[in-house]
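Below you'll find the structure, written out as structure tokens, and then a few comments.
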Amino acid sequence: MNILSYSCSKLPLRNTFIRSFHITSINYGQPTKAKKKADPMTDKIREDRKRRRYEKVIDKLEKFKLQLKPIHEYESERRILKELDVRKRPSVELTPEETTHRLMLNRDWAKHKHRQHQQEITFISRALKSQESALEQLKIESEEIYEQALQVDLKLIPFIRRGPLYSLPNSNYDAPDGDYFDTTNYFTKGFGVNFMEHMKTMERQRWTDVRAERRAKKEEKVAEK
Amino acid sequence: MLRTSLLISSSIARRLIIANTSTNIQTSSTIKSEKIPQIKVALCIQRYVHLSPEMNQLEKDYTNLVAQLETEHSYLSDHELRHKREIELAKQRQNSPTSTAAAVNIVETAVDLEDRLAKEFENFQLMSRETEDDKTNNLRSHNRKLDQNLLLIVQQKNSQSNKDEWIFPEKTYDGEPSLRATAEQIISTCGNLHVQISGNAPLAWYKNDADSSSKKIFFYKAEYLAGVVKQFATLKSSPYKDHAWIIHEDLPKYLSPSYYKAVKDMLFVF
């Protein structure tokens with residue numbers, strides 16, 4: 001205090017504003033950004049662009065929906081399809097006796113199967129008739145038991161029947177050991193980031209090729225002239 | 001409710017549904033007190049086919065023809081191509097023993113492979129289709145004639161004509177809540193059997209017109225699953241004299257003609 005007062009009184013008047021040296025007030029933060037006004041035009045343009053881009057991508061991805069998963073059993077092996085001409089069987093010449101024998105056999109088989117089918121139909125219809133007449137007789141005897149007989153038997157569902165085998169199972173049979181290897185094909189397309197990049201590069205490549213073609217055509221025309 | 005029972009296959013759901021529907025069925029033990037209908041219930045137990053029947057001549061011929069046609073219309077397989085190539089190699093070897101073809105060393109030709117596999121197949125033995133009971137013709141066992149259906153019939157002493165006659169096991173109706181319940185009681189008289197009765201409704205009926213005091217018989221069909229039939233012939237006190245498991249063709253020999261006529265439709269025979 002003494003030094004200051006001394007300097008003020010002794011020295012001539014100068015432009016030494018002590019107050020001009022100061023530090024800023026402590027804010028503890030950045031100054032806030034200037035707020036941009038919401039511009040509807042640019043927003044709409046931006047949204048339109050985004051939507052168009054997404055729709056394009058969706059159209060491209062829809063293409064993969066049309067591709068059906070291949071059924072392994074229906075497709076022939078490519079290796080075999082290439083060798084078909086090698087694999088032709090020598091054609092068989094049929095004697096007239098053989099052809100007549102085959103025709104007769106086919107005709108007999110058709111008759112046999114037809115007769116079998118008719119038999120099955122008659123069996124079923126006769127059994128049904130027999131059951132209907134039994135139920136009629138039961139109704140004559142007593143109404144109440146008749147009602148009981150008409151109830152549905154739910155114990156018959158689920159109905160399981162294992163087909164007849166050719167020979168009985170051998171209890172002493174030692175089945176050989178083995179391993180199960182799961183070779184199912186799982187068809188999943190990777191729709192991840194790599195896939196999108198892949199699609200984009202393919203498109204770009206395609207367009208450069210198209211442009212190069214057009215350029216080449218133009219130059220040809222100019223060269224002709 | 002019936003449709004949902006078809007879709008749901010778990011046993012818990014099944015029990016719930018059966019418990020719900022049983023409220024429809026009367027839970028009283030006897031139907032009515034005034035008049036119990038004078039009827040009988042019989043049960044036809046069938047042991048179904050275990051082995052597939054042999055093909056007759058026409059079927060065998062046709063299977064052969066179909067196999068022949070298939071090979072004629074097909075292309076050569078890998079095995080046959082290999083066979084062809086080996087024949088050519090052998091020819092080339094014969095023509096020029098120092099050519100490159102001779103240098104090829106074949107470990108096992110296609111023909112060798114075929115022979116080896118055929119031998120292996122011959123060594124494998126299938127179980128025989130005939131059982132011991134087939135050979136001894138033991139009518140009382142259910143283990144014979146595995147490729148045909150067998151029916152259980154019992155022999156009873158007919159009080160009227162004093163003759164032994166063969167019938168399906170039967171029981172007089174005693175006032176149970178349903179005929180099906182009576183049929184289930186027949187099972188226990190025949191032995192310790194596990195049987196599946198096909199439904200609540202009877203499949204055929206018979207009344208002996210000659211005998212006016214006889215009652216109407218209603219038949220049920222059942223599938224034999226497991227168990228042993230009581231040996232009626234050896235038991236001292238039993239309702240039946242004897243029992244047998246017979247095939248459809250032998251039925252008319254055992255049953256009386258009018259009885260057989262009433263029953264044959266439900267058994268799917270001519």
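Labels used: A, B, ... for chains in the order of the structure tokens, numbers from 1 for residues in each chain, and numbers from 1 for ligands as shown.
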
Task: Expected answer as a ChimeraX atom specification: chain A residues within 9 Å of chain B, only C-alpha atoms - done: /A:84,86-92,102,105-106,108-109,112,119-120,122-124,126-135,137-138,141-142,144-158,163-170

Keeping only C-alpha atoms, write the selected residues as an mmCIF file, in the first residue's frame.
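Wrote it out as out_25.cif, contents follow:
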data_model
loop_
_atom_site.group_PDB
_atom_site.id
_atom_site.type_symbol
_atom_site.label_atom_id
_atom_site.label_comp_id
_atom_site.auth_asym_id
_atom_site.auth_seq_id
_atom_site.Cartn_x
_atom_site.Cartn_y
_atom_site.Cartn_z
ATOM 1 C CA LEU A 84 -22.874 -87.624 -69.031
ATOM 2 C CA VAL A 86 -19.106 -90.865 -71.077
ATOM 3 C CA ARG A 87 -21.702 -92.503 -68.880
ATOM 4 C CA LYS A 88 -24.202 -93.502 -71.547
ATOM 5 C CA ARG A 89 -25.370 -97.056 -71.231
ATOM 6 C CA PRO A 90 -25.351 -99.189 -74.405
ATOM 7 C CA SER A 91 -28.948 -99.305 -75.607
ATOM 8 C CA VAL A 92 -30.795 -102.577 -75.132
ATOM 9 C CA ARG A 102 -43.600 -106.838 -70.475
ATOM 10 C CA LEU A 105 -47.007 -108.243 -67.013
ATOM 11 C CA ASN A 106 -48.044 -104.604 -66.835
ATOM 12 C CA ASP A 108 -51.721 -108.274 -64.989
ATOM 13 C CA TRP A 109 -50.239 -105.944 -62.419
ATOM 14 C CA HIS A 112 -54.108 -107.174 -59.497
ATOM 15 C CA GLN A 119 -61.174 -105.427 -51.819
ATOM 16 C CA GLU A 120 -60.011 -102.795 -49.385
ATOM 17 C CA THR A 122 -65.447 -103.463 -49.652
ATOM 18 C CA PHE A 123 -63.771 -104.448 -46.376
ATOM 19 C CA ILE A 124 -64.141 -100.971 -45.011
ATOM 20 C CA ARG A 126 -68.778 -103.926 -44.740
ATOM 21 C CA ALA A 127 -67.142 -103.226 -41.400
ATOM 22 C CA LEU A 128 -68.909 -99.867 -41.200
ATOM 23 C CA LYS A 129 -72.277 -101.470 -42.017
ATOM 24 C CA SER A 130 -71.738 -104.124 -39.390
ATOM 25 C CA GLN A 131 -70.971 -101.461 -36.805
ATOM 26 C CA GLU A 132 -74.060 -99.441 -37.745
ATOM 27 C CA SER A 133 -76.365 -102.439 -37.383
ATOM 28 C CA ALA A 134 -74.757 -103.318 -34.039
ATOM 29 C CA LEU A 135 -75.397 -99.791 -32.799
ATOM 30 C CA GLN A 137 -79.537 -103.188 -32.015
ATOM 31 C CA LEU A 138 -77.921 -101.629 -28.990
ATOM 32 C CA GLU A 141 -81.879 -102.675 -26.018
ATOM 33 C CA SER A 142 -81.080 -99.604 -23.984
ATOM 34 C CA GLU A 144 -78.231 -95.172 -22.002
ATOM 35 C CA ILE A 145 -75.624 -97.695 -23.006
ATOM 36 C CA TYR A 146 -76.144 -96.538 -26.570
ATOM 37 C CA GLU A 147 -75.196 -93.023 -25.536
ATOM 38 C CA GLN A 148 -72.091 -94.343 -23.804
ATOM 39 C CA ALA A 149 -71.120 -96.307 -26.898
ATOM 40 C CA LEU A 150 -71.265 -93.158 -29.010
ATOM 41 C CA GLN A 151 -68.629 -91.344 -26.944
ATOM 42 C CA VAL A 152 -65.329 -90.542 -28.620
ATOM 43 C CA ASP A 153 -62.426 -92.543 -27.250
ATOM 44 C CA LEU A 154 -59.570 -90.104 -26.756
ATOM 45 C CA LYS A 155 -57.106 -92.765 -25.647
ATOM 46 C CA LEU A 156 -56.731 -93.808 -29.287
ATOM 47 C CA ILE A 157 -54.938 -90.533 -30.048
ATOM 48 C CA PRO A 158 -51.942 -90.410 -30.571
ATOM 49 C CA GLY A 163 -44.690 -101.346 -39.951
ATOM 50 C CA PRO A 164 -44.033 -105.088 -40.319
ATOM 51 C CA LEU A 165 -40.387 -106.018 -40.864
ATOM 52 C CA TYR A 166 -38.914 -108.727 -43.040
ATOM 53 C CA SER A 167 -37.312 -110.724 -40.236
ATOM 54 C CA LEU A 168 -37.286 -110.607 -36.465
ATOM 55 C CA PRO A 169 -34.634 -108.600 -34.625
ATOM 56 C CA ASN A 170 -31.598 -110.590 -33.595
#

TODO: Report the distance between CA of Glu213 in chain A and CA of Lys63 in chain A in Å, rounded to one decimal place.
DONE: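 Value for the CA of Glu213 in chain A-CA of Lys63 in chain A distance: 25.9 Å.
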
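Taking CA of Arg161 in chain A and CA of Pro252 in chain B as the two end points, the separation is 28.9 Å.
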
Open item on the list: Taking 6 positions as the minimum chain separation for residues in the same chain, which residues sit within 7 Å of Phe232 in chain B when counting only C-alpha atoms? Answer as a ChimeraX atom specification.
Closed with: /B:238,240-243
